[in-house]
$ cat run-v1.txt   # compact mmCIF, C-alpha atoms and all ligand atoms
# COMPACT_ATOMS: atom_id res chain seq x y z
CA MET A 1 0.00 0.00 0.00
CA HIS A 2 0.93 3.66 -0.32
CA ALA A 3 0.62 5.82 2.80
CA ASP A 4 1.25 9.49 3.49
CA ILE A 5 2.61 9.97 6.98
CA VAL A 6 2.97 13.45 8.44
CA VAL A 7 5.97 13.59 10.78
CA LEU A 8 6.02 16.17 13.59
CA PRO A 9 9.34 15.86 15.47
CA GLY A 10 8.64 18.81 17.81
CA ASP A 11 11.05 19.81 20.57
CA GLY A 12 13.72 18.43 22.90
CA ILE A 13 14.27 14.71 22.33
CA GLY A 14 11.37 14.71 19.81
CA PRO A 15 13.61 14.97 16.71
CA GLU A 16 15.97 12.26 18.07
CA ILE A 17 13.30 9.65 18.82
CA VAL A 18 11.39 10.38 15.61
CA SER A 19 14.47 10.10 13.39
CA ALA A 20 15.32 6.81 15.15
CA THR A 21 11.82 5.51 14.38
CA LEU A 22 11.52 6.38 10.67
CA PRO A 23 14.10 3.74 9.60
CA VAL A 24 11.98 1.11 11.40
CA LEU A 25 8.97 2.12 9.30
CA GLU A 26 11.12 2.26 6.17
CA THR A 27 12.37 -1.26 6.82
CA ILE A 28 8.80 -2.50 7.33
CA ALA A 29 7.74 -0.81 4.06
CA ARG A 30 10.60 -2.40 2.12
CA ARG A 31 10.07 -5.90 3.56
CA HIS A 32 6.31 -5.90 3.08
CA GLY A 33 6.11 -4.09 -0.26
CA HIS A 34 4.62 -0.79 0.91
CA ALA A 35 5.53 2.80 0.05
CA PHE A 36 5.46 5.29 2.92
CA ALA A 37 5.96 8.98 2.14
CA PHE A 38 7.09 11.01 5.17
CA ARG A 39 6.28 14.74 5.20
CA GLU A 40 7.83 16.70 8.01
CA HIS A 41 6.09 19.73 9.56
CA ASP A 42 6.51 21.96 12.61
CA ILE A 43 4.56 21.80 15.87
CA GLY A 44 5.18 23.08 19.40
CA GLY A 45 8.08 25.31 20.40
CA ILE A 46 9.90 25.02 17.09
CA ALA A 47 6.71 26.15 15.34
CA ILE A 48 6.46 29.16 17.67
CA ASP A 49 10.05 30.07 16.80
CA ARG A 50 9.57 29.67 13.06
CA HIS A 51 5.94 30.71 12.53
CA GLY A 52 4.85 32.52 15.71
CA GLU A 53 2.22 29.87 16.55
CA PRO A 54 2.36 26.32 17.96
CA LEU A 55 0.17 24.81 15.22
CA PRO A 56 0.69 26.51 11.84
CA ALA A 57 -2.23 26.12 9.41
CA THR A 58 0.11 24.28 7.00
CA THR A 59 0.75 21.60 9.64
CA LEU A 60 -2.95 21.06 10.39
CA GLU A 61 -3.81 21.00 6.69
CA ALA A 62 -1.09 18.43 5.97
CA ALA A 63 -2.30 16.27 8.88
CA LYS A 64 -5.88 16.39 7.57
CA GLN A 65 -4.70 15.16 4.16
CA ALA A 66 -2.47 12.41 5.59
CA ASP A 67 -3.14 8.79 6.47
CA ALA A 68 -1.50 9.18 9.86
CA VAL A 69 0.59 11.51 12.02
CA LEU A 70 3.71 10.46 13.94
CA LEU A 71 4.61 12.95 16.67
CA GLY A 72 7.65 13.25 18.95
CA ALA A 73 7.03 15.62 21.85
CA VAL A 74 6.61 19.35 22.41
CA GLY A 75 7.66 21.89 25.00
CA GLY A 76 10.69 22.95 26.96
CA PRO A 77 12.08 25.66 29.25
CA LYS A 78 12.57 28.08 26.36
CA TRP A 79 8.78 28.38 25.91
CA SER A 80 7.68 27.92 29.54
CA ASP A 81 7.32 31.56 30.61
CA PRO A 82 3.92 31.57 32.40
CA ASN A 83 3.17 34.98 30.86
CA ALA A 84 3.81 33.82 27.31
CA LYS A 85 0.88 34.37 24.93
CA VAL A 86 1.40 31.09 23.13
CA ARG A 87 2.64 27.78 24.52
CA PRO A 88 3.83 24.63 22.71
CA GLU A 89 1.20 22.40 24.39
CA GLN A 90 -1.57 24.46 22.75
CA GLY A 91 -0.39 22.96 19.47
CA LEU A 92 -1.18 19.44 20.71
CA LEU A 93 -4.69 20.32 21.89
CA ALA A 94 -5.36 22.18 18.65
CA ILE A 95 -4.26 19.34 16.35
CA ARG A 96 -6.25 16.72 18.31
CA LYS A 97 -9.32 18.93 18.12
CA GLY A 98 -8.67 19.87 14.48
CA LEU A 99 -8.59 16.20 13.50
CA GLY A 100 -11.63 15.29 15.66
CA LEU A 101 -9.70 12.72 17.68
CA PHE A 102 -11.94 11.55 20.52
CA ALA A 103 -10.34 8.32 21.73
CA ASN A 104 -6.91 8.16 23.32
CA LEU A 105 -5.51 4.63 23.55
CA ARG A 106 -2.67 3.76 25.91
CA PRO A 107 -1.53 0.15 25.88
CA VAL A 108 0.23 -1.05 29.05
CA ARG A 109 2.05 -4.34 28.69
CA PRO A 110 4.98 -4.58 31.09
CA HIS A 111 7.93 -6.41 29.54
CA PRO A 112 9.46 -9.18 31.71
CA ALA A 113 12.94 -7.64 31.42
CA ALA A 114 11.69 -4.26 32.66
CA LEU A 115 9.46 -5.46 35.54
CA GLY A 116 12.06 -4.38 38.08
CA ALA A 117 11.70 -0.78 36.88
CA SER A 118 8.09 -0.61 38.14
CA PRO A 119 7.32 0.23 41.78
CA ILE A 120 4.70 -2.57 41.73
CA LYS A 121 5.64 -6.12 42.79
CA PRO A 122 6.83 -8.12 39.74
CA GLU A 123 4.49 -11.06 40.51
CA LEU A 124 1.47 -8.76 40.10
CA LEU A 125 2.75 -7.50 36.74
CA GLU A 126 3.41 -10.75 34.91
CA GLY A 127 0.98 -11.16 32.03
CA VAL A 128 -0.55 -7.69 32.39
CA ASP A 129 -1.88 -6.51 29.02
CA ILE A 130 -4.28 -3.56 29.25
CA VAL A 131 -5.39 -0.84 26.86
CA VAL A 132 -6.93 2.21 28.50
CA VAL A 133 -9.23 4.16 26.16
CA ARG A 134 -9.74 7.72 27.40
CA GLU A 135 -12.46 9.97 25.97
CA LEU A 136 -10.58 13.02 24.73
CA THR A 137 -12.95 15.78 23.66
CA GLY A 138 -15.77 16.06 26.23
CA GLY A 139 -16.48 16.20 29.94
CA ILE A 140 -15.37 18.69 32.55
CA TYR A 141 -12.16 19.75 30.74
CA PHE A 142 -14.21 21.25 27.91
CA GLY A 143 -17.31 22.45 29.83
CA ASP A 144 -18.16 26.09 30.50
CA LYS A 145 -16.16 27.65 33.32
CA THR A 146 -16.97 30.55 35.61
CA ARG A 147 -14.96 32.37 38.23
CA SER A 148 -15.92 35.12 40.68
CA ASP A 149 -14.24 36.47 43.81
CA THR A 150 -16.04 33.92 45.95
CA ASP A 151 -16.48 30.83 43.81
CA ALA A 152 -15.71 28.97 40.59
CA THR A 153 -17.50 26.34 38.51
CA ASP A 154 -16.56 23.77 35.85
CA LEU A 155 -19.41 22.21 33.93
CA CYS A 156 -19.25 18.50 33.15
CA ARG A 157 -21.35 17.60 30.11
CA TYR A 158 -21.53 14.52 27.92
CA THR A 159 -23.81 13.86 24.98
CA VAL A 160 -25.17 10.43 24.09
CA ALA A 161 -23.31 10.61 20.76
CA GLU A 162 -19.97 11.35 22.45
CA ILE A 163 -20.36 8.34 24.73
CA GLU A 164 -21.55 6.02 21.95
CA ARG A 165 -18.61 6.70 19.67
CA VAL A 166 -15.87 6.14 22.24
CA VAL A 167 -17.59 3.04 23.64
CA ARG A 168 -17.82 1.63 20.09
CA SER A 169 -14.07 2.26 19.57
CA ALA A 170 -13.19 0.58 22.85
CA ALA A 171 -15.56 -2.37 22.32
CA THR A 172 -14.24 -2.93 18.78
CA LEU A 173 -10.74 -3.03 20.24
CA ALA A 174 -11.84 -5.44 23.00
CA ARG A 175 -13.38 -7.71 20.36
CA SER A 176 -9.99 -7.91 18.60
CA ARG A 177 -8.28 -8.78 21.90
CA ARG A 178 -9.62 -10.86 24.83
CA GLY A 179 -13.24 -9.75 24.48
CA HIS A 180 -13.59 -7.97 27.82
CA LEU A 181 -14.48 -4.31 28.39
CA THR A 182 -14.37 -2.49 31.73
CA SER A 183 -16.26 0.80 31.76
CA VAL A 184 -15.26 3.20 34.52
CA ASP A 185 -17.59 5.90 35.89
CA LYS A 186 -18.91 7.44 39.11
CA ALA A 187 -22.55 6.49 38.58
CA ASN A 188 -23.34 6.49 42.30
CA VAL A 189 -22.86 10.30 42.34
CA LEU A 190 -22.67 11.93 38.90
CA GLU A 191 -25.52 12.32 36.40
CA THR A 192 -23.06 12.30 33.48
CA SER A 193 -21.80 8.96 34.79
CA ARG A 194 -25.34 7.55 34.99
CA LEU A 195 -25.80 8.54 31.35
CA TRP A 196 -22.40 7.01 30.56
CA ARG A 197 -23.43 3.72 32.18
CA ASP A 198 -26.86 3.61 30.49
CA VAL A 199 -25.44 4.35 27.03
CA THR A 200 -22.59 1.86 27.49
CA THR A 201 -25.00 -0.86 28.62
CA ARG A 202 -27.26 -0.29 25.61
CA VAL A 203 -24.46 -0.09 23.00
CA MET A 204 -22.87 -3.25 24.36
CA ARG A 205 -26.17 -5.16 24.41
CA GLU A 206 -27.25 -4.06 20.93
CA GLU A 207 -23.93 -4.12 19.08
CA PHE A 208 -21.35 -6.10 21.05
CA ALA A 209 -23.14 -9.12 22.53
CA ASP A 210 -19.89 -11.09 22.05
CA VAL A 211 -17.89 -8.73 24.31
CA THR A 212 -18.36 -8.95 28.08
CA VAL A 213 -18.79 -5.65 29.90
CA GLU A 214 -18.19 -4.82 33.52
CA HIS A 215 -18.86 -1.44 35.20
CA GLN A 216 -16.47 -0.12 37.84
CA LEU A 217 -16.59 2.98 39.99
CA VAL A 218 -13.50 5.11 39.43
CA ASP A 219 -12.36 5.14 43.06
CA SER A 220 -12.33 1.36 43.41
CA MET A 221 -10.84 1.08 39.91
CA ALA A 222 -7.88 3.21 41.04
CA MET A 223 -7.25 0.53 43.67
CA HIS A 224 -7.87 -2.55 41.49
CA LEU A 225 -5.60 -1.26 38.73
CA LEU A 226 -2.67 -1.71 41.11
CA SER A 227 -3.90 -4.70 43.16
CA LYS A 228 -5.06 -6.94 40.27
CA PRO A 229 -3.95 -5.41 36.94
CA ARG A 230 -4.14 -8.80 35.19
CA ALA A 231 -7.95 -8.68 35.48
CA TYR A 232 -8.27 -6.01 32.78
CA ASP A 233 -8.31 -6.13 28.98
CA VAL A 234 -9.77 -2.88 27.57
CA VAL A 235 -10.77 -0.10 29.98
CA VAL A 236 -12.93 2.76 28.69
CA THR A 237 -13.61 5.94 30.60
CA GLU A 238 -14.44 9.64 30.39
CA ASN A 239 -11.88 12.41 29.96
CA MET A 240 -10.83 13.36 33.51
CA PHE A 241 -11.01 9.84 34.97
CA GLY A 242 -8.98 8.66 31.97
CA ASP A 243 -6.36 11.36 32.47
CA ILE A 244 -5.80 10.17 36.03
CA LEU A 245 -6.07 6.41 35.42
CA THR A 246 -3.69 6.46 32.41
CA ASP A 247 -0.94 8.09 34.48
CA GLU A 248 -1.57 5.52 37.19
CA ALA A 249 -1.50 2.67 34.65
CA SER A 250 1.80 3.94 33.22
CA MET A 251 3.47 3.06 36.53
CA LEU A 252 2.77 -0.61 35.81
CA ALA A 253 5.22 -0.52 32.93
CA GLY A 254 8.23 1.01 34.63
CA SER A 255 9.86 3.50 32.27
CA LEU A 256 8.01 6.32 30.57
CA GLY A 257 10.24 5.52 27.62
CA LEU A 258 8.26 2.32 26.89
CA LEU A 259 4.73 3.71 26.65
CA ALA A 260 3.05 4.45 23.34
CA SER A 261 -0.26 6.10 22.55
CA ALA A 262 -2.74 6.53 19.74
CA SER A 263 -5.38 9.25 19.43
CA LEU A 264 -8.19 8.19 17.09
CA GLY A 265 -11.33 9.69 15.60
CA ALA A 266 -14.03 8.68 13.16
CA GLY A 267 -11.70 8.79 10.14
CA LYS A 268 -8.58 6.75 9.60
CA VAL A 269 -6.11 9.52 10.46
CA GLY A 270 -4.79 9.30 13.98
CA ILE A 271 -1.92 10.81 15.95
CA TYR A 272 0.68 8.41 17.31
CA GLU A 273 3.10 9.59 19.98
CA PRO A 274 4.99 8.41 23.03
CA ILE A 275 3.32 9.40 26.31
CA HIS A 276 6.43 11.10 27.64
CA GLY A 277 7.40 14.72 27.05
CA SER A 278 10.36 16.40 25.39
CA ALA A 279 12.80 15.49 28.21
CA PRO A 280 14.89 18.69 28.00
CA ASP A 281 17.27 17.28 30.63
CA ILE A 282 18.61 14.68 28.18
CA ALA A 283 17.87 16.36 24.81
CA GLY A 284 20.67 16.47 22.25
CA LYS A 285 22.69 13.72 23.91
CA GLY A 286 21.45 10.80 21.79
CA ILE A 287 20.55 8.75 24.89
CA ALA A 288 16.72 8.92 24.90
CA ASN A 289 14.76 5.67 24.80
CA PRO A 290 13.19 5.37 21.31
CA TYR A 291 11.02 2.31 22.12
CA ALA A 292 7.88 4.28 23.08
CA THR A 293 8.00 6.08 19.73
CA ILE A 294 8.71 2.87 17.81
CA LEU A 295 5.77 1.20 19.60
CA SER A 296 3.65 4.24 18.66
CA ALA A 297 4.64 3.60 15.05
CA ALA A 298 3.37 0.02 15.51
CA LEU A 299 0.02 1.45 16.63
CA LEU A 300 0.07 3.66 13.52
CA LEU A 301 0.52 0.59 11.32
CA ARG A 302 -2.35 -1.18 13.12
CA HIS A 303 -4.95 1.56 13.57
CA SER A 304 -4.45 3.98 10.65
CA LEU A 305 -3.03 1.69 7.97
CA GLY A 306 -4.71 -1.59 8.93
CA LEU A 307 -1.38 -3.42 8.76
CA GLU A 308 -1.77 -5.82 11.70
CA GLU A 309 0.96 -8.24 10.71
CA GLU A 310 3.46 -5.40 10.28
CA ALA A 311 2.39 -3.87 13.63
CA GLN A 312 3.02 -7.17 15.39
CA ALA A 313 6.40 -7.53 13.66
CA VAL A 314 7.48 -4.19 15.15
CA GLU A 315 6.12 -5.06 18.61
CA HIS A 316 7.84 -8.44 18.59
CA ALA A 317 11.12 -6.84 17.51
CA VAL A 318 10.96 -4.39 20.44
CA ASP A 319 10.14 -7.32 22.77
CA ARG A 320 13.16 -9.20 21.50
CA ALA A 321 15.46 -6.20 21.90
CA LEU A 322 14.23 -5.92 25.51
CA ASP A 323 14.67 -9.71 25.97
CA ASP A 324 18.27 -9.19 24.87
CA ARG A 325 18.57 -6.32 27.36
CA VAL A 326 19.29 -3.70 24.73
CA PHE A 327 18.58 -0.86 27.15
CA THR A 328 19.00 2.90 26.94
CA ALA A 329 20.10 4.77 30.06
CA ASP A 330 16.60 4.92 31.62
CA LEU A 331 16.56 1.10 31.92
CA ALA A 332 20.22 0.03 31.87
CA ALA A 333 22.57 -0.67 34.73
CA PRO A 334 25.38 1.92 34.94
CA GLY A 335 27.84 1.54 32.06
CA GLN A 336 25.53 -0.83 30.12
CA ALA A 337 23.41 1.70 28.21
CA VAL A 338 23.19 1.92 24.42
CA SER A 339 22.42 5.06 22.42
CA THR A 340 19.06 6.00 20.90
CA ALA A 341 20.32 5.06 17.43
CA ASP A 342 21.73 1.70 18.61
CA ALA A 343 18.48 0.77 20.35
CA ALA A 344 16.54 1.55 17.15
CA GLN A 345 19.03 -0.46 15.10
CA ALA A 346 18.58 -3.39 17.50
CA VAL A 347 14.86 -3.31 16.71
CA ILE A 348 15.53 -3.22 12.95
CA ASP A 349 17.93 -6.17 13.33
CA ARG A 350 15.15 -8.16 15.01
CA LEU A 351 12.37 -7.42 12.50
CA GLY A 352 12.81 -10.83 10.94
CA ALA A 353 13.11 -11.73 7.31
P1 LIG B 1 9.15 14.32 30.39
O1 LIG B 1 8.30 13.15 30.08
O2 LIG B 1 9.68 15.08 29.26
O3 LIG B 1 10.38 13.84 31.29
C1 LIG B 1 10.22 13.25 32.58
C2 LIG B 1 11.50 12.46 32.92
O4 LIG B 1 11.51 11.26 32.14
C3 LIG B 1 12.78 13.21 32.59
O5 LIG B 1 13.77 12.91 33.54
C4 LIG B 1 13.19 12.64 31.24
O6 LIG B 1 14.57 12.67 31.00
C5 LIG B 1 12.67 11.22 31.32
N1 LIG B 1 12.27 10.72 29.98
C6 LIG B 1 11.17 11.09 29.26
N2 LIG B 1 11.16 10.47 28.09
C7 LIG B 1 12.26 9.70 28.06
C8 LIG B 1 12.81 8.81 27.08
N3 LIG B 1 12.21 8.58 25.89
N4 LIG B 1 13.97 8.20 27.37
C9 LIG B 1 14.58 8.38 28.55
N5 LIG B 1 14.11 9.20 29.50
C10 LIG B 1 12.97 9.86 29.26
O7 LIG B 1 8.28 15.27 31.35
P2 LIG B 1 8.65 16.71 31.93
O8 LIG B 1 10.10 16.80 32.26
O9 LIG B 1 7.64 16.96 32.96
O10 LIG B 1 8.31 17.72 30.75
C11 LIG B 1 9.30 18.24 29.86
C12 LIG B 1 8.60 19.05 28.78
O11 LIG B 1 7.78 18.18 27.98
C13 LIG B 1 7.66 20.12 29.33
O12 LIG B 1 7.79 21.25 28.51
C14 LIG B 1 6.29 19.49 29.20
O13 LIG B 1 5.29 20.46 29.06
C15 LIG B 1 6.46 18.70 27.94
N6 LIG B 1 5.53 17.56 27.80
C16 LIG B 1 5.08 17.27 26.55
C17 LIG B 1 4.28 16.19 26.32
C18 LIG B 1 3.90 15.88 24.92
O14 LIG B 1 4.50 16.39 24.00
N7 LIG B 1 2.92 15.02 24.70
C19 LIG B 1 3.81 15.32 27.43
C20 LIG B 1 4.40 15.66 28.70
C21 LIG B 1 5.21 16.75 28.87
MG MG B 2 -2.40 13.98 32.20

$ encode --input "run-v1.txt" --output "structure tokens"
Amino acid sequence: MHADIVVLPGDGIGPEIVSATLPVLETIARRHGHAFAFREHDIGGIAIDRHGEPLPATTLEAAKQADAVLLGAVGGPKWSDPNAKVRPEQGLLAIRKGLGLFANLRPVRPHPAALGASPIKPELLEGVDIVVVRELTGGIYFGDKTRSDTDATDLCRYTVAEIERVVRSAATLARSRRGHLTSVDKANVLETSRLWRDVTTRVMREEFADVTVEHQLVDSMAMHLLSKPRAYDVVVTENMFGDILTDEASMLAGSLGLLASASLGAGKVGIYEPIHGSAPDIAGKGIANPYATILSAALLLRHSLGLEEEAQAVEHAVDRALDDRVFTADLAAPGQAVSTADAAQAVIDRLGA
């Protein structure tokens, strides 16, 4: 197949991890007979420097025309002045909104060789394989806000259509995995959560009779996620609960440098990026862990291009590099670390024939 991939390296370690990942995609294309065209554009701090805004119209337009977007990370001390009119992170929110991306997927699958890096007991982590699907465009983060001298309000609103579409995405994913969906809400207190639960129950009954669904209250879910993480397959939840639970879930995997994400909408174009930031403390040294970005590229192959076999080839190659303890500095014992480029090459070497 032919695919147009917009590449947004961004700031800090972004350009390093993205340029380590493109050869992995190029190798996949060559081996499997595909043609991937990479078109690089600016986002974040670099876009502020070059164009005066964190998301230039040319970048958004290119992303809309593309099959998928691969993003590094944005931000850094240079653009962090609290009084600044524009900030790099605004570019991320604007591109997600501009592309109508309403479902944020974060797979958490701790690798045996990296279990020691997690603060959770290794025996609880073995076999954990969860995808958290966070609703990305509704809820309290986007509701009307008021502020007076004596009080403030944030409105939490969800429409039936917003709940239906993210539940369908999550249930479709569950169907392709172990067939189990956990929906997280606070239906004992919140009206939006009661709507969430009613809509989820109906969509699952009418459209996904083959997928089992379980409802969990968010407070007990916060506990179960750490005490019995193996019990979960796909977890779907609203925006704020998802924000909190995905950070919690990331601790199961140890290093930030291993966690990928996909942001998906109704169309095929999605944004694929590591969950970590631009890591200014290690930028420019060539020591950042590229695995989270490479695993994000695997999600790109799976979700935007429909190339499941190729996605698995990349994931297996990263697994094998970790099996062989090809570790960057965030995972390695002192003196044992490889560079960003060497870690990426180790993945390419393990892609198979
Ligand atoms: P961060 O995720 O950039 O870094 C946290 C710590 O993890 C640092 O010590 C860093 O060196 C380390 N780290 C992160 N990624 C790594 C990798 N691939 N390999 C090895 N070590 C890695 O978070 P921080 O420091 O809070 O934020 C730095 C900048 O990134 C800020 O400007 C922040 O706003 C921005 N940011 C951007 C995000 C994005 O683009 N999606 C997400 C989070 C933060
Ligand atoms: Mg967050």

$ residues_near_ligand --input "run-v1.txt" --ligand "ligand MG 2 (chain B)" --cutoff "8 Å" --atoms "all atoms listed in the file" --output "list in words"
Asp243, Ile244, Thr246 and Asp247 of chain A

$ closest_residue --input "run-v1.txt" --among "A:Trp196, A:Leu136, A:Ala187, A:Pro9" --to "Ala161 in chain A" --atoms "all atoms listed in the file"
A:Trp196

$ residues_near_ligand --input "run-v1.txt" --ligand "ligand LIG 1 (chain B)" --cutoff "8 Å" --atoms "only C-alpha atoms and all ligand atoms" --output "PyMOL selection string"
chain A and resi 10+12-13+17+72-77+79-80+88-89+92+255-258+273-283+287-293+328-330

$ atom_distance --input "run-v1.txt" --atom1 "CA of Ala20 in chain A" --atom2 "CA of Thr340 in chain A"
6.9 Å

$ closest_atom_pairs --input "run-v1.txt" --of "range 71-139 of chain A" --to "range 173-176 of chain A" --cutoff "12 Å" --atoms "only C-alpha atoms" --output "tab-separated table"
residue	atom	partner	partner_atom	distance
A:Ala103	CA	A:Leu173	CA	11.5
A:Leu105	CA	A:Leu173	CA	9.8
A:Arg106	CA	A:Leu173	CA	12.0
A:Pro107	CA	A:Leu173	CA	11.3
A:Asp129	CA	A:Ala174	CA	11.7
A:Ile130	CA	A:Ala174	CA	10.0
A:Val131	CA	A:Leu173	CA	8.8
A:Val132	CA	A:Leu173	CA	10.5
A:Val133	CA	A:Leu173	CA	9.4

$ closest_residue --input "run-v1.txt" --among "A:Ala337, A:Leu8, A:Leu300, A:Leu225" --to "Ala262 in chain A" --atoms "all atoms listed in the file"
A:Leu300

$ closest_residue --input "run-v1.txt" --among "A:Ala260, A:Ala171, A:Ala317, A:Cys156" --to "Glu207 in chain A" --atoms "only C-alpha atoms"
A:Ala171

$ closest_residue --input "run-v1.txt" --among "A:Leu155, A:Val167, A:Leu351, A:Leu226" --to "Arg202 in chain A" --atoms "all atoms listed in the file"
A:Val167

$ decode --input "run-v1.txt" --residues "range 117-139 of chain A" --atoms "N, CA and C atoms" --output "PDB file, in the first residue's frame"
ATOM      1  N   ALA A 117      11.744  -2.237  36.949  1.00  0.00           N
ATOM      2  CA  ALA A 117      11.704  -0.776  36.877  1.00  0.00           C
ATOM      3  C   ALA A 117      10.395  -0.214  37.421  1.00  0.00           C
ATOM      4  N   SER A 118       9.376  -1.079  37.612  1.00  0.00           N
ATOM      5  CA  SER A 118       8.088  -0.614  38.143  1.00  0.00           C
ATOM      6  C   SER A 118       8.107  -0.667  39.666  1.00  0.00           C
ATOM      7  N   PRO A 119       7.422   0.286  40.320  1.00  0.00           N
ATOM      8  CA  PRO A 119       7.324   0.230  41.784  1.00  0.00           C
ATOM      9  C   PRO A 119       6.373  -0.860  42.271  1.00  0.00           C
ATOM     10  N   ILE A 120       5.645  -1.514  41.352  1.00  0.00           N
ATOM     11  CA  ILE A 120       4.699  -2.570  41.732  1.00  0.00           C
ATOM     12  C   ILE A 120       5.437  -3.908  41.769  1.00  0.00           C
ATOM     13  N   LYS A 121       4.996  -4.802  42.668  1.00  0.00           N
ATOM     14  CA  LYS A 121       5.637  -6.119  42.790  1.00  0.00           C
ATOM     15  C   LYS A 121       5.615  -6.873  41.458  1.00  0.00           C
ATOM     16  N   PRO A 122       6.757  -7.423  41.042  1.00  0.00           N
ATOM     17  CA  PRO A 122       6.825  -8.123  39.743  1.00  0.00           C
ATOM     18  C   PRO A 122       5.776  -9.209  39.577  1.00  0.00           C
ATOM     19  N   GLU A 123       5.448  -9.951  40.665  1.00  0.00           N
ATOM     20  CA  GLU A 123       4.490 -11.064  40.510  1.00  0.00           C
ATOM     21  C   GLU A 123       3.079 -10.568  40.163  1.00  0.00           C
ATOM     22  N   LEU A 124       2.780  -9.306  40.484  1.00  0.00           N
ATOM     23  CA  LEU A 124       1.472  -8.761  40.101  1.00  0.00           C
ATOM     24  C   LEU A 124       1.459  -8.326  38.635  1.00  0.00           C
ATOM     25  N   LEU A 125       2.652  -8.112  38.073  1.00  0.00           N
ATOM     26  CA  LEU A 125       2.748  -7.504  36.741  1.00  0.00           C
ATOM     27  C   LEU A 125       2.838  -8.520  35.610  1.00  0.00           C
ATOM     28  N   GLU A 126       3.244  -9.747  35.955  1.00  0.00           N
ATOM     29  CA  GLU A 126       3.411 -10.752  34.911  1.00  0.00           C
ATOM     30  C   GLU A 126       2.109 -10.975  34.164  1.00  0.00           C
ATOM     31  N   GLY A 127       2.157 -10.897  32.844  1.00  0.00           N
ATOM     32  CA  GLY A 127       0.976 -11.161  32.031  1.00  0.00           C
ATOM     33  C   GLY A 127       0.017  -9.990  31.913  1.00  0.00           C
ATOM     34  N   VAL A 128       0.344  -8.857  32.508  1.00  0.00           N
ATOM     35  CA  VAL A 128      -0.548  -7.694  32.391  1.00  0.00           C
ATOM     36  C   VAL A 128      -0.554  -7.180  30.947  1.00  0.00           C
ATOM     37  N   ASP A 129      -1.729  -6.962  30.405  1.00  0.00           N
ATOM     38  CA  ASP A 129      -1.880  -6.508  29.021  1.00  0.00           C
ATOM     39  C   ASP A 129      -3.188  -5.731  28.933  1.00  0.00           C
ATOM     40  N   ILE A 130      -3.088  -4.422  29.153  1.00  0.00           N
ATOM     41  CA  ILE A 130      -4.276  -3.556  29.254  1.00  0.00           C
ATOM     42  C   ILE A 130      -4.202  -2.479  28.184  1.00  0.00           C
ATOM     43  N   VAL A 131      -5.342  -2.089  27.620  1.00  0.00           N
ATOM     44  CA  VAL A 131      -5.389  -0.839  26.862  1.00  0.00           C
ATOM     45  C   VAL A 131      -6.417   0.065  27.527  1.00  0.00           C
ATOM     46  N   VAL A 132      -5.983   1.239  27.972  1.00  0.00           N
ATOM     47  CA  VAL A 132      -6.929   2.215  28.502  1.00  0.00           C
ATOM     48  C   VAL A 132      -7.359   3.112  27.343  1.00  0.00           C
ATOM     49  N   VAL A 133      -8.677   3.262  27.177  1.00  0.00           N
ATOM     50  CA  VAL A 133      -9.226   4.165  26.160  1.00  0.00           C
ATOM     51  C   VAL A 133      -9.869   5.334  26.879  1.00  0.00           C
ATOM     52  N   ARG A 134      -9.260   6.510  26.729  1.00  0.00           N
ATOM     53  CA  ARG A 134      -9.738   7.719  27.396  1.00  0.00           C
ATOM     54  C   ARG A 134     -10.490   8.592  26.406  1.00  0.00           C
ATOM     55  N   GLU A 135     -11.711   9.016  26.797  1.00  0.00           N
ATOM     56  CA  GLU A 135     -12.462   9.971  25.965  1.00  0.00           C
ATOM     57  C   GLU A 135     -11.706  11.291  25.997  1.00  0.00           C
ATOM     58  N   LEU A 136     -11.559  11.929  24.836  1.00  0.00           N
ATOM     59  CA  LEU A 136     -10.577  13.018  24.727  1.00  0.00           C
ATOM     60  C   LEU A 136     -11.172  14.391  24.430  1.00  0.00           C
ATOM     61  N   THR A 137     -12.455  14.475  24.123  1.00  0.00           N
ATOM     62  CA  THR A 137     -12.948  15.783  23.661  1.00  0.00           C
ATOM     63  C   THR A 137     -14.125  16.328  24.465  1.00  0.00           C
ATOM     64  N   GLY A 138     -14.601  15.596  25.490  1.00  0.00           N
ATOM     65  CA  GLY A 138     -15.774  16.057  26.234  1.00  0.00           C
ATOM     66  C   GLY A 138     -15.511  16.133  27.728  1.00  0.00           C
ATOM     67  N   GLY A 139     -16.594  16.201  28.489  1.00  0.00           N
ATOM     68  CA  GLY A 139     -16.479  16.197  29.939  1.00  0.00           C
ATOM     69  C   GLY A 139     -16.048  17.530  30.525  1.00  0.00           C
TER      70      GLY A 139
END
